file run_23.cif (mmCIF, C-alpha atoms, pLDDT in the B column; chains and numbers go by the auth columns)
data_model
#
loop_
_atom_site.group_PDB
_atom_site.id
_atom_site.type_symbol
_atom_site.label_atom_id
_atom_site.label_comp_id
_atom_site.label_asym_id
_atom_site.label_seq_id
_atom_site.Cartn_x
_atom_site.Cartn_y
_atom_site.Cartn_z
_atom_site.B_iso_or_equiv
_atom_site.auth_seq_id
_atom_site.auth_asym_id
ATOM 1 C CA MET A 1 0.000 0.000 0.000 84.00 144 Q
ATOM 2 C CA ILE A 2 1.375 3.399 -1.006 92.00 145 Q
ATOM 3 C CA LYS A 3 1.912 5.776 1.921 96.00 146 Q
ATOM 4 C CA LEU A 4 1.333 9.441 1.096 97.00 147 Q
ATOM 5 C CA ALA A 5 2.901 12.243 3.113 98.00 148 Q
ATOM 6 C CA ALA A 6 2.442 16.004 2.911 98.00 149 Q
ATOM 7 C CA ASP A 7 5.616 18.061 2.901 98.00 150 Q
ATOM 8 C CA LEU A 8 4.717 20.824 5.340 97.00 151 Q
ATOM 9 C CA THR A 9 7.582 22.962 4.054 94.00 152 Q
ATOM 10 C CA THR A 10 5.572 23.640 0.903 96.00 153 Q
ATOM 11 C CA LEU A 11 1.988 22.517 1.569 98.00 154 Q
ATOM 12 C CA PHE A 12 -0.634 24.217 3.739 97.00 155 Q
ATOM 13 C CA GLN A 13 1.411 27.427 3.768 94.00 156 Q
ATOM 14 C CA GLU A 14 -1.863 29.305 4.248 93.00 157 Q
ATOM 15 C CA LEU A 15 -1.823 27.956 7.828 95.00 158 Q
ATOM 16 C CA PRO A 16 0.642 28.362 10.699 94.00 159 Q
ATOM 17 C CA LEU A 17 2.941 25.368 11.113 93.00 160 Q
ATOM 18 C CA ALA A 18 1.128 24.104 14.210 93.00 161 Q
ATOM 19 C CA ALA A 19 -2.131 23.822 12.239 96.00 162 Q
ATOM 20 C CA ARG A 20 -0.637 22.104 9.191 97.00 163 Q
ATOM 21 C CA PHE A 21 -0.400 18.724 10.886 97.00 164 Q
ATOM 22 C CA SER A 22 -4.133 18.368 11.511 96.00 165 Q
ATOM 23 C CA ALA A 23 -4.849 19.823 8.057 97.00 166 Q
ATOM 24 C CA ALA A 24 -2.688 17.134 6.457 97.00 167 Q
ATOM 25 C CA GLN A 25 -4.446 14.433 8.460 96.00 168 Q
ATOM 26 C CA ALA A 26 -7.869 15.779 7.457 96.00 169 Q
ATOM 27 C CA ALA A 27 -6.832 15.800 3.795 96.00 170 Q
ATOM 28 C CA GLY A 28 -6.067 12.073 3.923 95.00 171 Q
ATOM 29 C CA PHE A 29 -2.287 12.045 4.304 97.00 172 Q
ATOM 30 C CA ALA A 30 -0.824 9.355 6.544 97.00 173 Q
ATOM 31 C CA GLY A 31 2.386 11.226 7.246 98.00 174 Q
ATOM 32 C CA VAL A 32 4.222 14.496 6.872 98.00 175 Q
ATOM 33 C CA SER A 33 7.748 15.530 5.969 97.00 176 Q
ATOM 34 C CA LEU A 34 9.760 18.642 6.727 95.00 177 Q
ATOM 35 C CA VAL A 35 12.913 19.716 4.953 88.00 178 Q
ATOM 36 C CA SER A 36 14.195 21.394 8.105 87.00 179 Q
ATOM 37 C CA PRO A 37 12.745 20.359 11.482 93.00 180 Q
ATOM 38 C CA TYR A 38 15.585 22.140 13.289 92.00 181 Q
ATOM 39 C CA ASP A 39 14.021 25.542 13.946 85.00 182 Q
ATOM 40 C CA GLY A 40 12.201 24.768 17.192 86.00 183 Q
ATOM 41 C CA PRO A 41 11.933 22.280 20.042 93.00 184 Q
ATOM 42 C CA VAL A 42 11.923 18.840 18.486 95.00 185 Q
ATOM 43 C CA GLN A 43 9.616 17.409 21.140 96.00 186 Q
ATOM 44 C CA GLU A 44 6.914 19.894 20.103 96.00 187 Q
ATOM 45 C CA LEU A 45 7.044 18.477 16.581 96.00 188 Q
ATOM 46 C CA ARG A 46 6.850 14.960 17.959 97.00 189 Q
ATOM 47 C CA ASP A 47 3.815 15.906 20.059 97.00 190 Q
ATOM 48 C CA ARG A 48 2.045 17.336 17.009 96.00 191 Q
ATOM 49 C CA LEU A 49 2.704 14.131 15.097 97.00 192 Q
ATOM 50 C CA VAL A 50 1.252 12.024 17.890 96.00 193 Q
ATOM 51 C CA LEU A 51 -1.794 14.251 18.391 96.00 194 Q
ATOM 52 C CA SER A 52 -2.539 14.156 14.657 96.00 195 Q
ATOM 53 C CA GLY A 53 -1.907 10.419 14.302 96.00 196 Q
ATOM 54 C CA LEU A 54 0.763 11.025 11.665 98.00 197 Q
ATOM 55 C CA SER A 55 4.132 9.457 10.912 98.00 198 Q
ATOM 56 C CA PHE A 56 7.233 11.441 10.015 98.00 199 Q
ATOM 57 C CA ALA A 57 8.233 10.568 6.464 98.00 200 Q
ATOM 58 C CA ALA A 58 11.401 12.487 5.633 97.00 201 Q
ATOM 59 C CA MET A 59 13.873 15.250 6.452 96.00 202 Q
ATOM 60 C CA VAL A 60 17.211 16.455 5.121 94.00 203 Q
ATOM 61 C CA ALA A 61 20.694 16.651 6.601 93.00 204 Q
ATOM 62 C CA PRO A 62 22.646 18.620 7.587 87.00 205 Q
ATOM 63 C CA PRO A 63 20.800 21.391 9.443 81.00 206 Q
ATOM 64 C CA PRO A 64 20.459 24.565 7.330 69.00 207 Q
ATOM 65 C CA ASN A 65 23.237 27.095 6.903 63.00 208 Q
ATOM 66 C CA TYR A 66 21.776 30.329 8.264 56.00 209 Q
ATOM 67 C CA THR A 67 24.595 32.434 6.765 54.00 210 Q
ATOM 68 C CA GLY A 68 23.103 32.013 3.296 58.00 211 Q
ATOM 69 C CA ALA A 69 25.803 29.641 2.046 59.00 212 Q
ATOM 70 C CA PRO A 70 24.730 26.545 0.071 65.00 213 Q
ATOM 71 C CA GLN A 71 23.322 23.811 2.272 72.00 214 Q
ATOM 72 C CA GLY A 72 25.186 20.536 2.532 85.00 215 Q
ATOM 73 C CA PHE A 73 28.862 19.663 2.482 87.00 216 Q
ATOM 74 C CA ALA A 74 29.104 15.870 2.329 95.00 217 Q
ATOM 75 C CA ALA A 75 31.388 16.238 -0.683 95.00 218 Q
ATOM 76 C CA THR A 76 33.304 19.314 0.527 93.00 219 Q
ATOM 77 C CA THR A 77 37.046 18.721 0.415 94.00 220 Q
ATOM 78 C CA GLY A 78 38.483 18.814 3.936 92.00 221 Q
ATOM 79 C CA GLY A 79 35.034 19.161 5.497 90.00 222 Q
ATOM 80 C CA GLU A 80 34.839 15.779 7.219 93.00 223 Q
ATOM 81 C CA ASP A 81 34.924 17.180 10.763 93.00 224 Q
ATOM 82 C CA ARG A 82 32.112 19.606 10.042 91.00 225 Q
ATOM 83 C CA PHE A 83 30.092 16.903 8.312 93.00 226 Q
ATOM 84 C CA GLN A 84 30.417 14.542 11.275 94.00 227 Q
ATOM 85 C CA ARG A 85 29.606 17.255 13.823 92.00 228 Q
ATOM 86 C CA ASP A 86 26.416 18.368 12.071 92.00 229 Q
ATOM 87 C CA PHE A 87 25.476 14.784 11.260 94.00 230 Q
ATOM 88 C CA LYS A 88 25.473 13.932 14.968 94.00 231 Q
ATOM 89 C CA ARG A 89 23.351 16.999 15.666 92.00 232 Q
ATOM 90 C CA MET A 90 20.880 15.832 13.015 95.00 233 Q
ATOM 91 C CA LEU A 91 20.699 12.392 14.629 96.00 234 Q
ATOM 92 C CA ARG A 92 19.436 13.911 17.881 95.00 235 Q
ATOM 93 C CA TYR A 93 16.404 15.177 15.973 96.00 236 Q
ATOM 94 C CA ALA A 94 15.996 11.946 14.021 97.00 237 Q
ATOM 95 C CA ASP A 95 16.015 9.882 17.217 97.00 238 Q
ATOM 96 C CA VAL A 96 12.927 11.785 18.371 97.00 239 Q
ATOM 97 C CA LEU A 97 11.073 12.170 15.061 97.00 240 Q
ATOM 98 C CA LYS A 98 11.958 8.729 13.635 97.00 241 Q
ATOM 99 C CA PRO A 99 11.862 9.734 9.940 98.00 242 Q
ATOM 100 C CA GLY A 100 11.285 7.155 7.238 98.00 243 Q
ATOM 101 C CA ALA A 101 14.218 8.569 5.255 98.00 244 Q
ATOM 102 C CA ILE A 102 16.888 11.261 5.582 98.00 245 Q
ATOM 103 C CA GLU A 103 18.290 12.900 2.455 97.00 246 Q
ATOM 104 C CA ILE A 104 21.986 13.766 2.728 97.00 247 Q
ATOM 105 C CA LEU A 105 22.827 16.972 0.873 94.00 248 Q
ATOM 106 C CA THR A 106 26.227 17.003 -0.812 94.00 249 Q
ATOM 107 C CA GLY A 107 26.758 20.712 -1.352 90.00 250 Q
ATOM 108 C CA PRO A 108 27.761 22.186 -4.720 90.00 251 Q
ATOM 109 C CA GLU A 109 31.491 21.488 -4.677 90.00 252 Q
ATOM 110 C CA GLY A 110 33.938 18.842 -3.551 93.00 253 Q
ATOM 111 C CA ASP A 111 35.451 15.596 -4.710 95.00 254 Q
ATOM 112 C CA PRO A 112 34.245 11.996 -5.058 96.00 255 Q
ATOM 113 C CA GLU A 113 36.585 10.502 -2.439 97.00 256 Q
ATOM 114 C CA THR A 114 35.456 12.905 0.275 97.00 257 Q
ATOM 115 C CA LEU A 115 31.825 12.125 -0.510 97.00 258 Q
ATOM 116 C CA LEU A 116 32.455 8.386 -0.348 98.00 259 Q
ATOM 117 C CA ARG A 117 34.313 8.643 2.969 97.00 260 Q
ATOM 118 C CA ASN A 118 31.551 10.715 4.536 97.00 261 Q
ATOM 119 C CA LEU A 119 28.794 8.429 3.303 98.00 262 Q
ATOM 120 C CA ARG A 120 30.567 5.294 4.514 98.00 263 Q
ATOM 121 C CA TRP A 121 31.042 6.888 7.911 98.00 264 Q
ATOM 122 C CA ALA A 122 27.429 8.108 8.100 98.00 265 Q
ATOM 123 C CA THR A 123 25.808 4.810 7.134 98.00 266 Q
ATOM 124 C CA ALA A 124 27.978 2.969 9.661 98.00 267 Q
ATOM 125 C CA GLU A 125 27.405 5.577 12.385 98.00 268 Q
ATOM 126 C CA ALA A 126 23.612 5.211 12.144 98.00 269 Q
ATOM 127 C CA PRO A 127 22.928 1.731 10.732 98.00 270 Q
ATOM 128 C CA LYS A 128 19.255 1.807 11.771 96.00 271 Q
ATOM 129 C CA ARG A 129 18.538 5.030 9.888 98.00 272 Q
ATOM 130 C CA LEU A 130 17.664 5.087 6.191 98.00 273 Q
ATOM 131 C CA PHE A 131 19.516 7.655 4.066 98.00 274 Q
ATOM 132 C CA THR A 132 18.987 8.876 0.533 98.00 275 Q
ATOM 133 C CA LEU A 133 20.807 10.826 -2.151 98.00 276 Q
ATOM 134 C CA ALA A 134 19.321 12.706 -5.083 96.00 277 Q
ATOM 135 C CA PRO A 135 20.878 14.401 -8.098 95.00 278 Q
ATOM 136 C CA ARG A 136 19.977 18.073 -8.175 89.00 279 Q
ATOM 137 C CA PRO A 137 20.469 20.245 -11.289 86.00 280 Q
ATOM 138 C CA GLU A 138 21.410 23.211 -9.086 83.00 281 Q
ATOM 139 C CA GLY A 139 23.474 23.415 -5.919 82.00 282 Q
ATOM 140 C CA SER A 140 24.548 19.792 -5.734 91.00 283 Q
ATOM 141 C CA PHE A 141 27.749 17.889 -6.389 95.00 284 Q
ATOM 142 C CA LEU A 142 25.543 15.080 -7.713 95.00 285 Q
ATOM 143 C CA GLN A 143 24.369 16.164 -11.148 94.00 286 Q
ATOM 144 C CA SER A 144 23.170 12.964 -12.818 96.00 287 Q
ATOM 145 C CA TYR A 145 21.681 9.535 -12.179 97.00 288 Q
ATOM 146 C CA ASP A 146 24.794 7.923 -13.649 97.00 289 Q
ATOM 147 C CA GLN A 147 26.920 9.671 -11.035 97.00 290 Q
ATOM 148 C CA LEU A 148 24.525 8.688 -8.267 97.00 291 Q
ATOM 149 C CA ALA A 149 24.534 5.041 -9.385 97.00 292 Q
ATOM 150 C CA GLU A 150 28.332 4.988 -9.127 98.00 293 Q
ATOM 151 C CA VAL A 151 28.226 6.431 -5.603 98.00 294 Q
ATOM 152 C CA LEU A 152 25.650 3.900 -4.405 98.00 295 Q
ATOM 153 C CA ALA A 153 27.714 1.044 -5.830 98.00 296 Q
ATOM 154 C CA GLU A 154 30.939 2.341 -4.247 98.00 297 Q
ATOM 155 C CA VAL A 155 29.425 2.843 -0.789 98.00 298 Q
ATOM 156 C CA GLY A 156 27.521 -0.450 -0.892 97.00 299 Q
ATOM 157 C CA ALA A 157 25.418 0.238 2.216 98.00 300 Q
ATOM 158 C CA ASP A 158 21.955 -1.262 2.592 97.00 301 Q
ATOM 159 C CA ASN A 159 20.732 1.847 4.410 98.00 302 Q
ATOM 160 C CA LEU A 160 21.640 4.231 1.564 98.00 303 Q
ATOM 161 C CA GLY A 161 19.504 4.606 -1.552 98.00 304 Q
ATOM 162 C CA LEU A 162 17.813 6.975 -3.962 98.00 305 Q
ATOM 163 C CA CYS A 163 15.331 9.761 -3.357 98.00 306 Q
ATOM 164 C CA LEU A 164 13.320 9.992 -6.579 98.00 307 Q
ATOM 165 C CA ASP A 165 12.095 13.543 -7.092 97.00 308 Q
ATOM 166 C CA THR A 166 9.717 13.393 -10.038 97.00 309 Q
ATOM 167 C CA ALA A 167 10.303 17.002 -11.123 96.00 310 Q
ATOM 168 C CA THR A 168 14.070 16.531 -10.957 95.00 311 Q
ATOM 169 C CA ALA A 169 13.823 13.383 -13.074 96.00 312 Q
ATOM 170 C CA ALA A 170 12.074 15.363 -15.805 94.00 313 Q
ATOM 171 C CA ALA A 171 14.558 18.240 -15.502 93.00 314 Q
ATOM 172 C CA LEU A 172 17.405 15.763 -16.057 95.00 315 Q
ATOM 173 C CA GLY A 173 15.782 14.455 -19.240 94.00 316 Q
ATOM 174 C CA SER A 174 14.372 11.253 -17.774 95.00 317 Q
ATOM 175 C CA THR A 175 10.973 10.151 -16.486 96.00 318 Q
ATOM 176 C CA PRO A 176 9.965 8.933 -13.029 97.00 319 Q
ATOM 177 C CA GLU A 177 8.999 5.607 -14.588 97.00 320 Q
ATOM 178 C CA ALA A 178 12.445 5.171 -16.161 97.00 321 Q
ATOM 179 C CA VAL A 179 14.203 6.031 -12.884 97.00 322 Q
ATOM 180 C CA LEU A 180 11.982 3.578 -11.022 97.00 323 Q
ATOM 181 C CA GLU A 181 12.846 0.837 -13.493 97.00 324 Q
ATOM 182 C CA ARG A 182 16.576 1.540 -13.210 97.00 325 Q
ATOM 183 C CA PHE A 183 16.832 2.047 -9.445 96.00 326 Q
ATOM 184 C CA GLY A 184 13.859 0.059 -8.167 92.00 327 Q
ATOM 185 C CA ALA A 185 15.879 -1.981 -5.684 93.00 328 Q
ATOM 186 C CA ASP A 186 17.619 1.144 -4.359 97.00 329 Q
ATOM 187 C CA LEU A 187 14.556 3.398 -4.169 98.00 330 Q
ATOM 188 C CA ARG A 188 14.026 4.642 -0.599 97.00 331 Q
ATOM 189 C CA HIS A 189 11.872 7.775 -0.932 98.00 332 Q
ATOM 190 C CA VAL A 190 9.745 9.548 -3.566 98.00 333 Q
ATOM 191 C CA SER A 191 8.879 13.255 -3.846 97.00 334 Q
ATOM 192 C CA LEU A 192 6.032 14.353 -6.115 98.00 335 Q
ATOM 193 C CA ALA A 193 6.016 17.620 -8.093 97.00 336 Q
ATOM 194 C CA SER A 194 5.470 18.702 -11.693 96.00 337 Q
ATOM 195 C CA VAL A 195 7.697 20.557 -14.130 93.00 338 Q
ATOM 196 C CA PRO A 196 8.710 23.253 -14.735 91.00 339 Q
ATOM 197 C CA ASP A 197 7.389 25.095 -11.671 93.00 340 Q
ATOM 198 C CA ARG A 198 7.040 22.329 -9.041 95.00 341 Q
ATOM 199 C CA ALA A 199 3.262 22.728 -8.983 96.00 342 Q
ATOM 200 C CA GLU A 200 0.687 20.021 -8.302 97.00 343 Q
ATOM 201 C CA PRO A 201 1.770 16.592 -9.617 96.00 344 Q
ATOM 202 C CA GLY A 202 0.000 15.866 -12.875 94.00 345 Q
ATOM 203 C CA SER A 203 -0.586 19.527 -13.724 94.00 346 Q
ATOM 204 C CA ASP A 204 1.924 19.091 -16.551 92.00 347 Q
ATOM 205 C CA GLY A 205 -0.029 16.173 -18.035 94.00 348 Q
ATOM 206 C CA TRP A 206 1.967 13.460 -16.285 94.00 349 Q
ATOM 207 C CA ASP A 207 -0.066 10.417 -15.206 96.00 350 Q
ATOM 208 C CA VAL A 208 0.558 10.555 -11.451 96.00 351 Q
ATOM 209 C CA THR A 209 -2.114 7.942 -10.716 95.00 352 Q
ATOM 210 C CA GLY A 210 -0.485 5.502 -13.089 96.00 353 Q
ATOM 211 C CA PHE A 211 2.905 6.132 -11.495 97.00 354 Q
ATOM 212 C CA LEU A 212 1.566 5.470 -7.989 96.00 355 Q
ATOM 213 C CA SER A 213 0.042 2.227 -9.258 95.00 356 Q
ATOM 214 C CA ARG A 214 3.384 1.258 -10.787 96.00 357 Q
ATOM 215 C CA LEU A 215 5.137 1.980 -7.495 96.00 358 Q
ATOM 216 C CA GLU A 216 2.715 -0.265 -5.642 95.00 359 Q
ATOM 217 C CA ALA A 217 3.053 -3.032 -8.229 96.00 360 Q
ATOM 218 C CA ALA A 218 6.842 -2.846 -7.842 96.00 361 Q
ATOM 219 C CA GLY A 219 6.489 -3.509 -4.116 95.00 362 Q
ATOM 220 C CA TYR A 220 7.753 -0.089 -3.046 96.00 363 Q
ATOM 221 C CA ALA A 221 7.354 0.187 0.732 95.00 364 Q
ATOM 222 C CA GLY A 222 8.666 3.705 1.412 97.00 365 Q
ATOM 223 C CA TRP A 223 6.938 7.048 1.667 98.00 366 Q
ATOM 224 C CA VAL A 224 5.724 9.249 -1.187 98.00 367 Q
ATOM 225 C CA SER A 225 5.895 12.915 -0.195 98.00 368 Q
ATOM 226 C CA ALA A 226 3.811 15.567 -1.922 98.00 369 Q
ATOM 227 C CA ASP A 227 6.537 18.215 -2.226 97.00 370 Q
ATOM 228 C CA TYR A 228 5.223 20.960 -4.476 97.00 371 Q
ATOM 229 C CA THR A 229 4.047 24.569 -4.442 96.00 372 Q
ATOM 230 C CA PRO A 230 0.249 24.772 -4.835 96.00 373 Q
ATOM 231 C CA LYS A 231 -1.012 27.176 -7.467 94.00 374 Q
ATOM 232 C CA LEU A 232 -3.822 28.310 -5.144 93.00 375 Q
ATOM 233 C CA THR A 233 -4.497 26.780 -1.742 94.00 376 Q
ATOM 234 C CA THR A 234 -3.303 23.287 -0.863 96.00 377 Q
ATOM 235 C CA THR A 235 -6.825 21.924 -0.417 95.00 378 Q
ATOM 236 C CA ALA A 236 -7.950 23.278 -3.794 95.00 379 Q
ATOM 237 C CA GLY A 237 -5.116 21.440 -5.539 96.00 380 Q
ATOM 238 C CA LEU A 238 -5.528 17.950 -4.094 96.00 381 Q
ATOM 239 C CA GLY A 239 -7.390 16.556 -7.113 94.00 382 Q
ATOM 240 C CA TRP A 240 -4.346 14.446 -8.018 95.00 383 Q
ATOM 241 C CA MET A 241 -4.757 12.315 -4.878 94.00 384 Q
ATOM 242 C CA PRO A 242 -6.533 8.959 -5.067 84.00 385 Q
ATOM 243 C CA PRO A 243 -10.244 9.292 -4.243 68.00 386 Q
ATOM 244 C CA VAL A 244 -9.707 7.133 -1.159 51.00 387 Q
ATOM 245 C CA PRO A 245 -6.610 7.693 1.024 46.00 388 Q
ATOM 246 C CA VAL A 246 -4.037 5.070 0.093 50.00 389 Q
ATOM 247 C CA ALA A 247 -2.902 4.741 3.708 53.00 390 Q
ATOM 248 C CA ALA A 248 -5.219 5.853 6.471 52.00 391 Q
ATOM 249 C CA PRO A 249 -3.673 7.953 9.245 55.00 392 Q
ATOM 250 C CA LYS A 250 -3.100 6.252 12.564 58.00 393 Q
ATOM 251 C CA THR A 251 -5.869 6.457 15.161 57.00 394 Q
ATOM 252 C CA ARG A 252 -5.020 7.561 18.652 57.00 395 Q
ATOM 253 C CA LYS A 253 -5.872 5.046 21.324 55.00 396 Q
ATOM 254 C CA LYS A 254 -8.187 6.242 24.052 55.00 397 Q
ATOM 255 C CA ARG A 255 -6.956 6.124 27.585 55.00 398 Q
ATOM 256 C CA GLY A 256 -7.908 2.918 29.303 55.00 399 Q
ATOM 257 C CA SER A 257 -8.551 1.038 26.021 48.00 400 Q
#

call {"tool": "encode", "arguments": {"input": "run_23.cif", "output": "structure tokens"}}
result
Amino acid sequence: MIKLAADLTTLFQELPLAARFSAAQAAGFAGVSLVSPYDGPVQELRDRLVLSGLSFAAMVAPPPNYTGAPQGFAATTGGEDRFQRDFKRMLRYADVLKPGAIEILTGPEGDPETLLRNLRWATAEAPKRLFTLAPRPEGSFLQSYDQLAEVLAEVGADNLGLCLDTATAAALGSTPEAVLERFGADLRHVSLASVPDRAEPGSDGWDVTGFLSRLEAAGYAGWVSADYTPKLTTTAGLGWMPPVPVAAPKTRKKRGS
């Protein structure tokens, strides 16, 4: 069964963050994701998840760079100490939120050997956490699926795989279906958005329903995050979702039951 999550970084922006959790649950999402859950007390986020009956699908590492510099430095030459320090900080949040997947950002510059060393260290440091990589046309050392495939093969860790961003796949001249076929065994997380403006999935004519069915048929067990910028309000743009929630949110148990 496909598990849909709402990325609260981009969805329900018409509401304050505290209200987005219940809005996602009411819309039929079984989980939520946040690019950066580092801006406030992590236990408050955990409490909102529990109260809304939601799971936490995904986050990114490392924490954001508030100086305006590019985020991520897994590939940065000579940056191993900084990578390890911020990675351990990220794990303190992950231990509370228990994300389904954590995308490691590489940063825009660096070298392959540094990236491989950092990834080997990270996957061994947190063997129970699931990590992903994604090629990004802008601001990332990883620029192609060929490059990513080489990195995954070199690291060889079971807890490291691919984050398939459907808009990125199209921007790189591929299709989500082709990426799924190539990386099916290594697929760990999926983000849904359309091209060229990251609007509602399917608004560019892409058959999002067919893709979700293909994911399910392939036995994909991870989360699918709706990670797009609505053209109007979030609720008005949810026509792409299946008519019945594909994974019902968890129900809170009553005290004494």

call {"tool": "resolve_selection", "arguments": {"input": "run_23.cif", "expression": "the PyMOL selection byres ((chain Q and resi 164-168) around 8)", "output": "PDB file with C-alpha atoms, in the frame of the given file"}}
result
ATOM      1  CA  ALA Q 149       2.442  16.004   2.911  1.00 98.00           C
ATOM      2  CA  LEU Q 151       4.717  20.824   5.340  1.00 97.00           C
ATOM      3  CA  PHE Q 155      -0.634  24.217   3.739  1.00 97.00           C
ATOM      4  CA  LEU Q 160       2.941  25.368  11.113  1.00 93.00           C
ATOM      5  CA  ALA Q 161       1.128  24.104  14.210  1.00 93.00           C
ATOM      6  CA  ALA Q 162      -2.131  23.822  12.239  1.00 96.00           C
ATOM      7  CA  ARG Q 163      -0.637  22.104   9.191  1.00 97.00           C
ATOM      8  CA  ALA Q 169      -7.869  15.779   7.457  1.00 96.00           C
ATOM      9  CA  ALA Q 170      -6.832  15.800   3.795  1.00 96.00           C
ATOM     10  CA  GLY Q 171      -6.067  12.073   3.923  1.00 95.00           C
ATOM     11  CA  PHE Q 172      -2.287  12.045   4.304  1.00 97.00           C
ATOM     12  CA  ALA Q 173      -0.824   9.355   6.544  1.00 97.00           C
ATOM     13  CA  GLY Q 174       2.386  11.226   7.246  1.00 98.00           C
ATOM     14  CA  VAL Q 175       4.222  14.496   6.872  1.00 98.00           C
ATOM     15  CA  ARG Q 191       2.045  17.336  17.009  1.00 96.00           C
ATOM     16  CA  LEU Q 192       2.704  14.131  15.097  1.00 97.00           C
ATOM     17  CA  SER Q 195      -2.539  14.156  14.657  1.00 96.00           C
ATOM     18  CA  GLY Q 196      -1.907  10.419  14.302  1.00 96.00           C
ATOM     19  CA  LEU Q 197       0.763  11.025  11.665  1.00 98.00           C
ATOM     20  CA  PRO Q 392      -3.673   7.953   9.245  1.00 55.00           C
TER      21      PRO Q 392
END

call {"tool": "resolve_selection", "arguments": {"input": "run_23.cif", "expression": "the PyMOL selection byres ((chain Q and resi 367) around 6)", "output": "PDB file with C-alpha atoms, in the coordinates of the input"}}
result
ATOM      1  CA  LEU Q 147       1.333   9.441   1.096  1.00 97.00           C
ATOM      2  CA  ALA Q 148       2.901  12.243   3.113  1.00 98.00           C
ATOM      3  CA  VAL Q 333       9.745   9.548  -3.566  1.00 98.00           C
ATOM      4  CA  SER Q 334       8.879  13.255  -3.846  1.00 97.00           C
ATOM      5  CA  TRP Q 366       6.938   7.048   1.667  1.00 98.00           C
ATOM      6  CA  SER Q 368       5.895  12.915  -0.195  1.00 98.00           C
TER       7      SER Q 368
END

call {"tool": "atom_distance", "arguments": {"input": "run_23.cif", "atom1": "CA of Tyr288 in chain Q", "atom2": "CA of Ser179 in chain Q"}}
result
24.7 Å

call {"tool": "closest_residue", "arguments": {"input": "run_23.cif", "among": "Q:Asp329, Q:Glu223, Q:Asp229, Q:Glu187", "to": "Glu256 in chain Q", "atoms": "only C-alpha atoms"}}
result
Q:Glu223

call {"tool": "atom_distance", "arguments": {"input": "run_23.cif", "atom1": "CA of Pro206 in chain Q", "atom2": "CA of Val178 in chain Q"}}
result
9.2 Å

call {"tool": "resolve_selection", "arguments": {"input": "run_23.cif", "expression": "the PyMOL selection byres ((chain Q and resi 294-296) around 10)", "output": "PDB file with C-alpha atoms, in the frame of the given file"}}
result
ATOM      1  CA  PRO Q 255      34.245  11.996  -5.058  1.00 96.00           C
ATOM      2  CA  GLU Q 256      36.585  10.502  -2.439  1.00 97.00           C
ATOM      3  CA  LEU Q 258      31.825  12.125  -0.510  1.00 97.00           C
ATOM      4  CA  LEU Q 259      32.455   8.386  -0.348  1.00 98.00           C
ATOM      5  CA  LEU Q 262      28.794   8.429   3.303  1.00 98.00           C
ATOM      6  CA  THR Q 275      18.987   8.876   0.533  1.00 98.00           C
ATOM      7  CA  LEU Q 276      20.807  10.826  -2.151  1.00 98.00           C
ATOM      8  CA  LEU Q 285      25.543  15.080  -7.713  1.00 95.00           C
ATOM      9  CA  TYR Q 288      21.681   9.535 -12.179  1.00 97.00           C
ATOM     10  CA  ASP Q 289      24.794   7.923 -13.649  1.00 97.00           C
ATOM     11  CA  GLN Q 290      26.920   9.671 -11.035  1.00 97.00           C
ATOM     12  CA  LEU Q 291      24.525   8.688  -8.267  1.00 97.00           C
ATOM     13  CA  ALA Q 292      24.534   5.041  -9.385  1.00 97.00           C
ATOM     14  CA  GLU Q 293      28.332   4.988  -9.127  1.00 98.00           C
ATOM     15  CA  GLU Q 297      30.939   2.341  -4.247  1.00 98.00           C
ATOM     16  CA  VAL Q 298      29.425   2.843  -0.789  1.00 98.00           C
ATOM     17  CA  GLY Q 299      27.521  -0.450  -0.892  1.00 97.00           C
ATOM     18  CA  ALA Q 300      25.418   0.238   2.216  1.00 98.00           C
ATOM     19  CA  ASP Q 301      21.955  -1.262   2.592  1.00 97.00           C
ATOM     20  CA  LEU Q 303      21.640   4.231   1.564  1.00 98.00           C
ATOM     21  CA  GLY Q 304      19.504   4.606  -1.552  1.00 98.00           C
ATOM     22  CA  LEU Q 305      17.813   6.975  -3.962  1.00 98.00           C
ATOM     23  CA  ASP Q 329      17.619   1.144  -4.359  1.00 97.00           C
TER      24      ASP Q 329
END

call {"tool": "atom_distance", "arguments": {"input": "run_23.cif", "atom1": "CA of Asp370 in chain Q", "atom2": "CA of Trp264 in chain Q"}}
result
28.8 Å

call {"tool": "residues_around", "arguments": {"input": "run_23.cif", "residues": "Ser287 in chain Q", "least_positions_apart": "4", "cutoff": "12 Å", "atoms": "all atoms listed in the file", "output": "list in words"}}
result
Leu276, Ala277, Pro278, Arg279, Pro280, Glu281, Ser283, Leu291, Ala292, Glu293, Val294, Leu305, Thr311, Ala312, Ala313, Ala314, Leu315, Gly316, Ser317 and Val322 of chain Q

call {"tool": "closest_residue", "arguments": {"input": "run_23.cif", "among": "Q:Arg357, Q:Arg260, Q:Lys374, Q:Lys146", "to": "Pro344 in chain Q", "atoms": "all atoms listed in the file"}}
result
Q:Lys374

call {"tool": "closest_residue", "arguments": {"input": "run_23.cif", "among": "Q:Pro184, Q:Pro205, Q:Pro270, Q:Gly380", "to": "Gly250 in chain Q", "atoms": "all atoms listed in the file"}}
result
Q:Pro205
